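One file, start-v6.pdb, carrying PDB, C-alpha atoms and all ligand atoms:
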```
ATOM      1  CA  SER A1241      92.850  90.082 120.901  1.00  0.00           C
ATOM      2  CA  ASN A1242      95.177  91.210 118.175  1.00  0.00           C
ATOM      3  CA  GLN A1243      97.636  89.434 115.936  1.00  0.00           C
ATOM      4  CA  VAL A1244      99.939  90.492 113.110  1.00  0.00           C
ATOM      5  CA  CYS A1245     100.640  88.650 109.871  1.00  0.00           C
ATOM      6  CA  ARG A1246     102.549  89.487 106.727  1.00  0.00           C
ATOM      7  CA  LEU A1247     101.587  88.655 103.170  1.00  0.00           C
ATOM      8  CA  ARG A1248     103.612  88.677  99.968  1.00  0.00           C
ATOM      9  CA  ILE A1249     101.553  90.381  97.266  1.00  0.00           C
ATOM     10  CA  ARG A1250     102.192  89.910  93.573  1.00  0.00           C
ATOM     11  CA  GLY A1251     101.010  92.096  90.730  1.00  0.00           C
ATOM     12  CA  MET A1252     101.151  95.622  92.148  1.00  0.00           C
ATOM     13  CA  THR A1253     102.488  98.209  89.741  1.00  0.00           C
ATOM     14  CA  CYS A1254     101.591 101.529  91.332  1.00  0.00           C
ATOM     15  CA  THR A1255     100.725 103.229  94.626  1.00  0.00           C
ATOM     16  CA  SER A1256      97.036 103.088  93.790  1.00  0.00           C
ATOM     17  CA  CYS A1257      97.278  99.311  93.677  1.00  0.00           C
ATOM     18  CA  ALA A1258      98.668  99.294  97.209  1.00  0.00           C
ATOM     19  CA  ASN A1259      96.002 101.731  98.410  1.00  0.00           C
ATOM     20  CA  ALA A1260      93.230  99.615  96.875  1.00  0.00           C
ATOM     21  CA  ILE A1261      94.470  96.535  98.711  1.00  0.00           C
ATOM     22  CA  GLU A1262      94.661  98.437 102.008  1.00  0.00           C
ATOM     23  CA  THR A1263      91.085  99.627 101.549  1.00  0.00           C
ATOM     24  CA  SER A1264      89.946  96.099 100.730  1.00  0.00           C
ATOM     25  CA  LEU A1265      91.664  94.634 103.788  1.00  0.00           C
ATOM     26  CA  LEU A1266      90.325  97.362 106.089  1.00  0.00           C
ATOM     27  CA  GLY A1267      86.816  96.471 104.901  1.00  0.00           C
ATOM     28  CA  VAL A1268      87.125  92.980 106.358  1.00  0.00           C
ATOM     29  CA  ARG A1269      85.530  92.582 109.780  1.00  0.00           C
ATOM     30  CA  GLY A1270      88.268  91.949 112.331  1.00  0.00           C
ATOM     31  CA  VAL A1271      91.034  93.809 110.465  1.00  0.00           C
ATOM     32  CA  ASN A1272      92.307  96.668 112.640  1.00  0.00           C
ATOM     33  CA  LYS A1273      95.223  97.954 110.581  1.00  0.00           C
ATOM     34  CA  ALA A1274      96.668  97.241 107.135  1.00  0.00           C
ATOM     35  CA  GLN A1275      99.799  98.632 105.534  1.00  0.00           C
ATOM     36  CA  VAL A1276     100.766  97.598 102.011  1.00  0.00           C
ATOM     37  CA  ALA A1277     104.239  98.432 100.677  1.00  0.00           C
ATOM     38  CA  LEU A1278     104.653  98.519  96.930  1.00  0.00           C
ATOM     39  CA  ALA A1279     108.468  98.409  97.017  1.00  0.00           C
ATOM     40  CA  THR A1280     108.745  95.279  99.144  1.00  0.00           C
ATOM     41  CA  GLU A1281     105.530  93.634  97.872  1.00  0.00           C
ATOM     42  CA  GLU A1282     104.513  93.097 101.474  1.00  0.00           C
ATOM     43  CA  ALA A1283     101.397  93.687 103.516  1.00  0.00           C
ATOM     44  CA  GLU A1284     101.365  93.914 107.304  1.00  0.00           C
ATOM     45  CA  ILE A1285      97.958  93.224 108.767  1.00  0.00           C
ATOM     46  CA  HIS A1286      96.794  93.596 112.353  1.00  0.00           C
ATOM     47  CA  TYR A1287      93.696  91.545 112.988  1.00  0.00           C
ATOM     48  CA  ASP A1288      91.598  89.713 115.530  1.00  0.00           C
ATOM     49  CA  PRO A1289      91.980  85.979 114.879  1.00  0.00           C
ATOM     50  CA  LYS A1290      88.625  85.369 116.556  1.00  0.00           C
ATOM     51  CA  LEU A1291      86.909  87.350 113.817  1.00  0.00           C
ATOM     52  CA  VAL A1292      88.931  86.691 110.672  1.00  0.00           C
ATOM     53  CA  SER A1293      91.062  83.873 109.218  1.00  0.00           C
ATOM     54  CA  TYR A1294      94.135  83.863 106.973  1.00  0.00           C
ATOM     55  CA  ASN A1295      91.962  82.639 104.132  1.00  0.00           C
ATOM     56  CA  GLU A1296      89.659  85.640 104.439  1.00  0.00           C
ATOM     57  CA  LEU A1297      92.657  87.972 104.338  1.00  0.00           C
ATOM     58  CA  LEU A1298      94.009  86.240 101.230  1.00  0.00           C
ATOM     59  CA  GLU A1299      90.578  86.376  99.611  1.00  0.00           C
ATOM     60  CA  ALA A1300      90.293  90.111 100.294  1.00  0.00           C
ATOM     61  CA  VAL A1301      93.568  90.682  98.434  1.00  0.00           C
ATOM     62  CA  GLU A1302      92.586  88.371  95.589  1.00  0.00           C
ATOM     63  CA  ASP A1303      89.169  90.024  95.269  1.00  0.00           C
ATOM     64  CA  SER A1304      90.966  93.302  94.584  1.00  0.00           C
ATOM     65  CA  GLY A1305      92.835  91.633  91.727  1.00  0.00           C
ATOM     66  CA  PHE A1306      96.188  90.584  93.201  1.00  0.00           C
ATOM     67  CA  GLU A1307      97.810  87.376  94.353  1.00  0.00           C
ATOM     68  CA  ALA A1308      98.810  86.916  97.975  1.00  0.00           C
ATOM     69  CA  VAL A1309     100.675  84.302  99.951  1.00  0.00           C
ATOM     70  CA  LEU A1310     101.401  84.147 103.641  1.00  0.00           C
ATOM     71  CA  ILE A1311     104.980  84.930 104.648  1.00  0.00           C
ATOM     72  CA  ALA A1312     106.070  82.350 107.179  1.00  0.00           C
TER      73      ALA A1312
HETATM   74 MO1  LIG B1401      96.614 101.926  88.235  1.00  0.00          MO
HETATM   75 MO2  LIG B1401      98.074 100.134  89.843  1.00  0.00          MO
HETATM   76  O1  LIG B1401      95.209 101.298  87.199  1.00  0.00           O
HETATM   77  O2  LIG B1401      97.783  98.561  88.911  1.00  0.00           O
HETATM   78  S1  LIG B1401      96.039 100.929  90.207  1.00  0.00           S
HETATM   79  S2  LIG B1401      98.550 100.661  87.799  1.00  0.00           S
END
```

Spell out the structure here as structure tokens.
Ligand code: 9UX
Amino acid sequence: SNQVCRLRIRGMTCTSCANAIETSLLGVRGVNKAQVALATEEAEIHYDPKLVSYNELLEAVEDSGFEAVLIA
């Protein structure tokens, strides 16, 4: 199955930041698609909730050096 969530990401200052976060998210098992927008500070993530949790998505962003919170 597939689900979409959005995260607010703090701390990005350039396009490479956004690309690094996308790469990090895409490396998580169960993530099918990840788009990070610098201008809006938002990430849109398509994932299988049977394979990956919100917390793992947040951790993937934080491991690449940025803060993330779920957008309700
Ligand atoms: Mo370049 Mo963006 O080091 O933080 S990746 S500014």

Each side padded by 5 Å, which centre and which edge lengths in Å (one decimal) define the axis-aligned box around the listed atoms of ligand LIG 1401 (chain B)? Give them as lines of an AutoDock Vina configuration file.
```
center_x = 96.9
center_y = 100.2
center_z = 88.7
size_x = 13.3
size_y = 13.4
size_z = 13.0
```

Could you state which residues are captured by the PyMOL selection byres (((chain A and resi 1253-1255) around 12) and not hetatm) in this file, as a count of residues only? 20

I need the output of the PyMOL selection byres (((chain A and resi 1264-1274) around 6) and not hetatm) for this file as a PDB file with C-alpha atoms, in the frame of the given file; which residues are they?
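After the write, expr_18.pdb holds the following:
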```
ATOM      1  CA  ILE A1261      94.470  96.535  98.711  1.00  0.00           C
ATOM      2  CA  GLU A1262      94.661  98.437 102.008  1.00  0.00           C
ATOM      3  CA  THR A1263      91.085  99.627 101.549  1.00  0.00           C
ATOM      4  CA  GLN A1275      99.799  98.632 105.534  1.00  0.00           C
ATOM      5  CA  GLU A1284     101.365  93.914 107.304  1.00  0.00           C
ATOM      6  CA  ILE A1285      97.958  93.224 108.767  1.00  0.00           C
ATOM      7  CA  HIS A1286      96.794  93.596 112.353  1.00  0.00           C
ATOM      8  CA  TYR A1287      93.696  91.545 112.988  1.00  0.00           C
ATOM      9  CA  ASP A1288      91.598  89.713 115.530  1.00  0.00           C
ATOM     10  CA  LEU A1291      86.909  87.350 113.817  1.00  0.00           C
ATOM     11  CA  VAL A1292      88.931  86.691 110.672  1.00  0.00           C
ATOM     12  CA  ALA A1300      90.293  90.111 100.294  1.00  0.00           C
TER      13      ALA A1300
END
```

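Note that atom O1 of ligand LIG 1401 (chain B) and CA of Ala1312 in chain A are 29.6 Å apart.
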
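Of the residues listed (A:Leu1310, A:Ser1304, A:Glu1282, A:Lys1290), A:Ser1304 shows the shortest atom-to-atom separation from ligand LIG 1401 (chain B); distances use all atoms listed in the file.
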
Expressed in Å to a single decimal, how great is the separation between atom S2 of ligand LIG 1401 (chain B) and CA of Leu1247 in chain A?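 Going from atom S2 of ligand LIG 1401 (chain B) over to CA of Leu1247 in chain A covers 19.7 Å.
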
Quote the spacing between CA of Gln1243 in chain A and CA of Pro1289 in chain A in Å to one decimal place.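 We find that CA of Gln1243 in chain A and CA of Pro1289 in chain A lie 6.7 Å from each other.
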